[in-house]
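K.L.:
Sharing a structure below in structure tokens format, with a few things to ask.
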Amino acid sequence: IAPSLWSGAGITVSGKALLGMDNNQGDRVVLSNSGSQDVTANYNGYTALAGLDGQYRYPLANSTSAIFSAGADVAAERFESYSESQYFTWSSRMLTQGSAHAGAGLQHTACNGKLTLDGEIGVAGRDLMGGKRADYAINGTPVSFMGGDNSDLFLTARAGGRYQLGTNASAYADVSGAQSHNGVKEIASTVGLRFGF
């Protein structure tokens, strides 16, 4: 959850920043005319992300509000160069990606404020701004590859609910879906309990 940077007149602006490091290990079997060979990989990745989000809440009734939201993120990720045996060598790669989203929805509270129901429809997009080319070598022969979907535009929908079980406990359920112009379909659901200490 992004911390609030400013709020007033029904508007809330929040920001987020993340720095991370990951270690990637691979193990696969490569088949050739002369048989097969196990090849392994071990390399680190580094990630930096920053973003801003805004939300405007407009009361429609005592227990119902319209909510409008928008936000944008920029992320950079660097992968170290690495080798998979003597046959495959991958150059270091830096990826830079931008994403943005906007949505509109409704939120309703009931049961003396214990139950919150909400839903939202929106649009989201992403674009790979840097690092579209991968450079590697097979048996010492340099190869470059550019391809795949470097940008995408999604229509999104989400509905969910939360019930306050006590001062520091709540139950929640959520279902969301998305459809991109590149034919990617997503659907996800979550059910859980949240406790505070």
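How things are named: the first chain in the structure tokens is A, the next is B, and so on; residues count from 1 in each chain; ligands count from 1 in the order shown.
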Which residues, written as a PyMOL selection string, have at least one atom at most 7 Å from range 138-146 of chain A, with only C-alpha atoms counted and residues fewer than 5 positions away on the same chain left out?
P.N.:
chain A and resi 87-89+132-133
K.L.:
For range 55-57 of chain A, please output as a short mmCIF file (atom, residue, chain, number, x, y, z; two decimals) with N, CA, C and O atoms, in the first residue's frame all residues within 10 Å (counting only C-alpha atoms; exclusion window: fewer than 3 positions along the same chain).
P.N.:
```
data_model
loop_
_atom_site.label_atom_id
_atom_site.label_comp_id
_atom_site.auth_asym_id
_atom_site.auth_seq_id
_atom_site.Cartn_x
_atom_site.Cartn_y
_atom_site.Cartn_z
N SER A 7 -3.59 14.93 1.09
CA SER A 7 -5.03 14.68 0.97
C SER A 7 -5.79 15.94 1.33
O SER A 7 -5.35 16.74 2.17
N GLY A 8 -6.94 16.12 0.68
CA GLY A 8 -7.79 17.27 0.93
C GLY A 8 -8.87 17.36 -0.11
O GLY A 8 -8.66 16.98 -1.27
N ALA A 9 -10.06 17.82 0.29
CA ALA A 9 -11.19 18.02 -0.61
C ALA A 9 -11.55 16.74 -1.36
O ALA A 9 -11.91 16.77 -2.53
N GLY A 10 -11.46 15.60 -0.68
CA GLY A 10 -11.81 14.32 -1.30
C GLY A 10 -10.72 13.72 -2.16
O GLY A 10 -10.90 12.64 -2.73
N ILE A 11 -9.58 14.39 -2.27
CA ILE A 11 -8.48 13.92 -3.12
C ILE A 11 -7.36 13.38 -2.23
O ILE A 11 -7.01 13.99 -1.22
N THR A 12 -6.83 12.24 -2.62
CA THR A 12 -5.68 11.66 -1.93
C THR A 12 -4.59 11.36 -2.96
O THR A 12 -4.87 10.75 -3.99
N VAL A 13 -3.38 11.80 -2.70
CA VAL A 13 -2.23 11.53 -3.56
C VAL A 13 -1.24 10.69 -2.76
O VAL A 13 -0.89 11.05 -1.63
N SER A 14 -0.81 9.59 -3.34
CA SER A 14 0.14 8.71 -2.66
C SER A 14 1.30 8.39 -3.59
O SER A 14 1.19 8.52 -4.82
N LEU A 60 -22.08 10.09 -3.01
CA LEU A 60 -23.36 10.08 -3.72
C LEU A 60 -24.53 9.99 -2.75
O LEU A 60 -25.62 10.48 -3.04
N SER A 65 -20.23 6.06 -2.38
CA SER A 65 -19.36 7.08 -2.98
C SER A 65 -18.90 6.62 -4.35
O SER A 65 -18.73 5.41 -4.60
N ALA A 66 -18.70 7.57 -5.23
CA ALA A 66 -18.02 7.30 -6.50
C ALA A 66 -16.54 7.57 -6.29
O ALA A 66 -16.17 8.54 -5.63
N ILE A 67 -15.71 6.70 -6.85
CA ILE A 67 -14.26 6.84 -6.67
C ILE A 67 -13.60 6.83 -8.04
O ILE A 67 -13.83 5.94 -8.86
N PHE A 68 -12.78 7.85 -8.28
CA PHE A 68 -12.03 7.97 -9.53
C PHE A 68 -10.54 7.90 -9.19
O PHE A 68 -10.08 8.56 -8.25
N SER A 69 -9.79 7.10 -9.93
CA SER A 69 -8.38 6.91 -9.61
C SER A 69 -7.53 6.95 -10.86
O SER A 69 -8.00 6.66 -11.97
N ALA A 70 -6.25 7.31 -10.69
CA ALA A 70 -5.29 7.33 -11.79
C ALA A 70 -3.90 7.23 -11.19
O ALA A 70 -3.67 7.62 -10.04
N GLY A 71 -2.96 6.71 -11.98
CA GLY A 71 -1.60 6.60 -11.48
C GLY A 71 -0.63 6.22 -12.58
O GLY A 71 -1.04 5.83 -13.68
N ALA A 102 -6.09 4.19 -15.09
CA ALA A 102 -7.16 5.09 -14.67
C ALA A 102 -8.43 4.26 -14.52
O ALA A 102 -8.64 3.28 -15.25
N GLY A 103 -9.25 4.61 -13.54
CA GLY A 103 -10.46 3.85 -13.31
C GLY A 103 -11.53 4.65 -12.61
O GLY A 103 -11.28 5.73 -12.07
N ALA A 104 -12.75 4.11 -12.65
CA ALA A 104 -13.89 4.71 -11.97
C ALA A 104 -14.70 3.60 -11.33
O ALA A 104 -14.86 2.52 -11.91
N GLY A 105 -15.19 3.84 -10.12
CA GLY A 105 -15.94 2.79 -9.45
C GLY A 105 -16.87 3.33 -8.38
O GLY A 105 -16.98 4.55 -8.18
N LEU A 106 -17.54 2.40 -7.70
CA LEU A 106 -18.45 2.72 -6.61
C LEU A 106 -18.04 1.97 -5.36
O LEU A 106 -17.52 0.85 -5.44
N GLN A 107 -18.27 2.60 -4.20
CA GLN A 107 -18.03 1.95 -2.92
C GLN A 107 -19.25 2.16 -2.03
O GLN A 107 -19.77 3.27 -1.93
#
```
K.L.:
As an MDAnalysis selection string, please: the residues near range 125-131 of chain A (cut-off 10 Å, only C-alpha atoms, same-chain neighbours under 4 positions excluded).
P.N.:
chainID A and resid 72:78 93:102 146 149:155 180
K.L.:
Might you pull out every residue within 9 Å of Arg162 in chain A, with only C-alpha atoms counted and same-chain residues fewer than 2 positions away left off, and present them as a list in words?
P.N.:
Lys114, Leu115, Thr116, Leu117, Asp118, Gly160, Gln164, Ser170, Ala171, Tyr172, Ala173 and Asp174 of chain A
K.L.:
Keeping only C-alpha atoms, write the selected residues as a compact mmCIF listing (two decimals), in the first residue's frame.
P.N.:
```
# COMPACT_ATOMS: atom_id res chain seq x y z
CA LYS A 114 -18.60 -3.21 9.06
CA LEU A 115 -19.25 -4.31 5.44
CA THR A 116 -17.65 -2.52 2.48
CA LEU A 117 -18.51 -3.47 -1.10
CA ASP A 118 -16.76 -1.92 -4.08
CA GLY A 160 -14.79 -7.11 -3.93
CA GLN A 164 -14.69 -6.02 9.76
CA SER A 170 -11.21 -8.42 8.78
CA ALA A 171 -12.23 -10.89 6.07
CA TYR A 172 -12.07 -10.01 2.39
CA ALA A 173 -12.85 -11.41 -1.06
CA ASP A 174 -11.96 -9.99 -4.44
```
K.L.:
Identify which of the residues A:Tyr58, A:Ser32, A:Ser81, A:Leu18 lies closest to Asn44 in chain A, counting only C-alpha atoms when measuring atom-to-atom distances.
P.N.:
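Looking at the shortest contact to Asn44 in chain A, the residue is A:Ser81.
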K.L.:
Mind checking which residues fall within 10 Å of Ser83 in chain A, counting only C-alpha atoms, ignoring those fewer than 5 positions away in the same chain, and posting them as a PDB file with all heavy atoms, in the first residue's frame?
P.N.:
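Contents of the output file around_36.pdb:
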```pdb
ATOM      1  N   VAL A  39      22.546 -27.783 -18.453  1.00  0.00           N
ATOM      2  CA  VAL A  39      23.214 -26.492 -18.365  1.00  0.00           C
ATOM      3  C   VAL A  39      22.591 -25.709 -17.215  1.00  0.00           C
ATOM      4  O   VAL A  39      21.395 -25.812 -16.934  1.00  0.00           O
ATOM      5  CB  VAL A  39      23.123 -25.683 -19.679  1.00  0.00           C
ATOM      6  CG1 VAL A  39      23.859 -26.402 -20.793  1.00  0.00           C
ATOM      7  CG2 VAL A  39      21.685 -25.432 -20.074  1.00  0.00           C
ATOM      8  N   THR A  40      23.411 -24.939 -16.523  1.00  0.00           N
ATOM      9  CA  THR A  40      22.942 -24.181 -15.368  1.00  0.00           C
ATOM     10  C   THR A  40      23.274 -22.706 -15.549  1.00  0.00           C
ATOM     11  O   THR A  40      24.148 -22.334 -16.345  1.00  0.00           O
ATOM     12  CB  THR A  40      23.593 -24.693 -14.069  1.00  0.00           C
ATOM     13  OG1 THR A  40      25.013 -24.548 -14.169  1.00  0.00           O
ATOM     14  CG2 THR A  40      23.238 -26.153 -13.823  1.00  0.00           C
ATOM     15  N   ALA A  41      22.575 -21.870 -14.795  1.00  0.00           N
ATOM     16  CA  ALA A  41      22.809 -20.421 -14.821  1.00  0.00           C
ATOM     17  C   ALA A  41      22.648 -19.887 -13.407  1.00  0.00           C
ATOM     18  O   ALA A  41      21.875 -20.417 -12.606  1.00  0.00           O
ATOM     19  CB  ALA A  41      21.832 -19.729 -15.760  1.00  0.00           C
ATOM     20  N   ASN A  42      23.386 -18.828 -13.116  1.00  0.00           N
ATOM     21  CA  ASN A  42      23.296 -18.175 -11.810  1.00  0.00           C
ATOM     22  C   ASN A  42      23.669 -16.706 -12.007  1.00  0.00           C
ATOM     23  O   ASN A  42      24.799 -16.388 -12.351  1.00  0.00           O
ATOM     24  CB  ASN A  42      24.251 -18.846 -10.810  1.00  0.00           C
ATOM     25  CG  ASN A  42      24.018 -18.355  -9.400  1.00  0.00           C
ATOM     26  OD1 ASN A  42      23.373 -17.328  -9.175  1.00  0.00           O
ATOM     27  ND2 ASN A  42      24.560 -19.072  -8.434  1.00  0.00           N
ATOM     28  N   TYR A  43      22.691 -15.807 -11.816  1.00  0.00           N
ATOM     29  CA  TYR A  43      22.963 -14.383 -12.017  1.00  0.00           C
ATOM     30  C   TYR A  43      22.020 -13.560 -11.145  1.00  0.00           C
ATOM     31  O   TYR A  43      20.981 -14.035 -10.679  1.00  0.00           O
ATOM     32  CB  TYR A  43      22.810 -13.988 -13.486  1.00  0.00           C
ATOM     33  CG  TYR A  43      21.418 -14.206 -14.040  1.00  0.00           C
ATOM     34  CD1 TYR A  43      20.500 -13.165 -14.093  1.00  0.00           C
ATOM     35  CD2 TYR A  43      21.032 -15.451 -14.522  1.00  0.00           C
ATOM     36  CE1 TYR A  43      19.233 -13.350 -14.596  1.00  0.00           C
ATOM     37  CE2 TYR A  43      19.763 -15.657 -15.036  1.00  0.00           C
ATOM     38  CZ  TYR A  43      18.870 -14.603 -15.070  1.00  0.00           C
ATOM     39  OH  TYR A  43      17.608 -14.806 -15.552  1.00  0.00           O
ATOM     40  N   PHE A  88      26.228 -21.217 -24.238  1.00  0.00           N
ATOM     41  CA  PHE A  88      25.312 -20.085 -24.253  1.00  0.00           C
ATOM     42  C   PHE A  88      25.837 -18.994 -23.333  1.00  0.00           C
ATOM     43  O   PHE A  88      26.136 -19.243 -22.167  1.00  0.00           O
ATOM     44  CB  PHE A  88      23.916 -20.510 -23.782  1.00  0.00           C
ATOM     45  CG  PHE A  88      23.327 -21.635 -24.581  1.00  0.00           C
ATOM     46  CD1 PHE A  88      23.407 -22.939 -24.117  1.00  0.00           C
ATOM     47  CD2 PHE A  88      22.709 -21.399 -25.793  1.00  0.00           C
ATOM     48  CE1 PHE A  88      22.872 -23.989 -24.844  1.00  0.00           C
ATOM     49  CE2 PHE A  88      22.168 -22.437 -26.532  1.00  0.00           C
ATOM     50  CZ  PHE A  88      22.258 -23.737 -26.054  1.00  0.00           C
ATOM     51  N   THR A  89      25.942 -17.769 -23.853  1.00  0.00           N
ATOM     52  CA  THR A  89      26.392 -16.616 -23.079  1.00  0.00           C
ATOM     53  C   THR A  89      25.417 -15.465 -23.304  1.00  0.00           C
ATOM     54  O   THR A  89      25.099 -15.127 -24.446  1.00  0.00           O
ATOM     55  CB  THR A  89      27.805 -16.180 -23.511  1.00  0.00           C
ATOM     56  OG1 THR A  89      28.701 -17.278 -23.356  1.00  0.00           O
ATOM     57  CG2 THR A  89      28.287 -15.023 -22.667  1.00  0.00           C
ATOM     58  N   TRP A  90      24.940 -14.877 -22.217  1.00  0.00           N
ATOM     59  CA  TRP A  90      23.972 -13.794 -22.289  1.00  0.00           C
ATOM     60  C   TRP A  90      24.610 -12.499 -21.802  1.00  0.00           C
ATOM     61  O   TRP A  90      25.227 -12.456 -20.748  1.00  0.00           O
ATOM     62  CB  TRP A  90      22.753 -14.112 -21.420  1.00  0.00           C
ATOM     63  CG  TRP A  90      22.044 -15.363 -21.848  1.00  0.00           C
ATOM     64  CD1 TRP A  90      22.383 -16.644 -21.530  1.00  0.00           C
ATOM     65  CD2 TRP A  90      20.901 -15.453 -22.688  1.00  0.00           C
ATOM     66  NE1 TRP A  90      21.520 -17.525 -22.110  1.00  0.00           N
ATOM     67  CE2 TRP A  90      20.589 -16.828 -22.834  1.00  0.00           C
ATOM     68  CE3 TRP A  90      20.084 -14.513 -23.329  1.00  0.00           C
ATOM     69  CZ2 TRP A  90      19.525 -17.280 -23.587  1.00  0.00           C
ATOM     70  CZ3 TRP A  90      19.013 -14.958 -24.081  1.00  0.00           C
ATOM     71  CH2 TRP A  90      18.740 -16.320 -24.209  1.00  0.00           C
ATOM     72  N   SER A  91      24.455 -11.421 -22.583  1.00  0.00           N
ATOM     73  CA  SER A  91      24.983 -10.115 -22.185  1.00  0.00           C
ATOM     74  C   SER A  91      24.080  -9.488 -21.118  1.00  0.00           C
ATOM     75  O   SER A  91      22.903  -9.836 -20.992  1.00  0.00           O
ATOM     76  CB  SER A  91      25.064  -9.178 -23.392  1.00  0.00           C
ATOM     77  OG  SER A  91      25.915  -9.706 -24.379  1.00  0.00           O
ATOM     78  N   TYR A 136      23.046 -12.187 -27.102  1.00  0.00           N
ATOM     79  CA  TYR A 136      23.597 -13.417 -26.544  1.00  0.00           C
ATOM     80  C   TYR A 136      24.458 -14.101 -27.595  1.00  0.00           C
ATOM     81  O   TYR A 136      24.595 -13.618 -28.729  1.00  0.00           O
ATOM     82  CB  TYR A 136      22.488 -14.343 -26.038  1.00  0.00           C
ATOM     83  CG  TYR A 136      21.436 -14.712 -27.070  1.00  0.00           C
ATOM     84  CD1 TYR A 136      21.478 -15.945 -27.719  1.00  0.00           C
ATOM     85  CD2 TYR A 136      20.390 -13.845 -27.388  1.00  0.00           C
ATOM     86  CE1 TYR A 136      20.515 -16.297 -28.649  1.00  0.00           C
ATOM     87  CE2 TYR A 136      19.429 -14.181 -28.315  1.00  0.00           C
ATOM     88  CZ  TYR A 136      19.486 -15.418 -28.938  1.00  0.00           C
ATOM     89  OH  TYR A 136      18.538 -15.756 -29.863  1.00  0.00           O
ATOM     90  N   ALA A 137      25.055 -15.202 -27.203  1.00  0.00           N
ATOM     91  CA  ALA A 137      25.917 -15.948 -28.123  1.00  0.00           C
ATOM     92  C   ALA A 137      25.643 -17.437 -27.969  1.00  0.00           C
ATOM     93  O   ALA A 137      25.442 -17.933 -26.858  1.00  0.00           O
ATOM     94  CB  ALA A 137      27.386 -15.653 -27.848  1.00  0.00           C
TER      95      ALA A 137
END
```
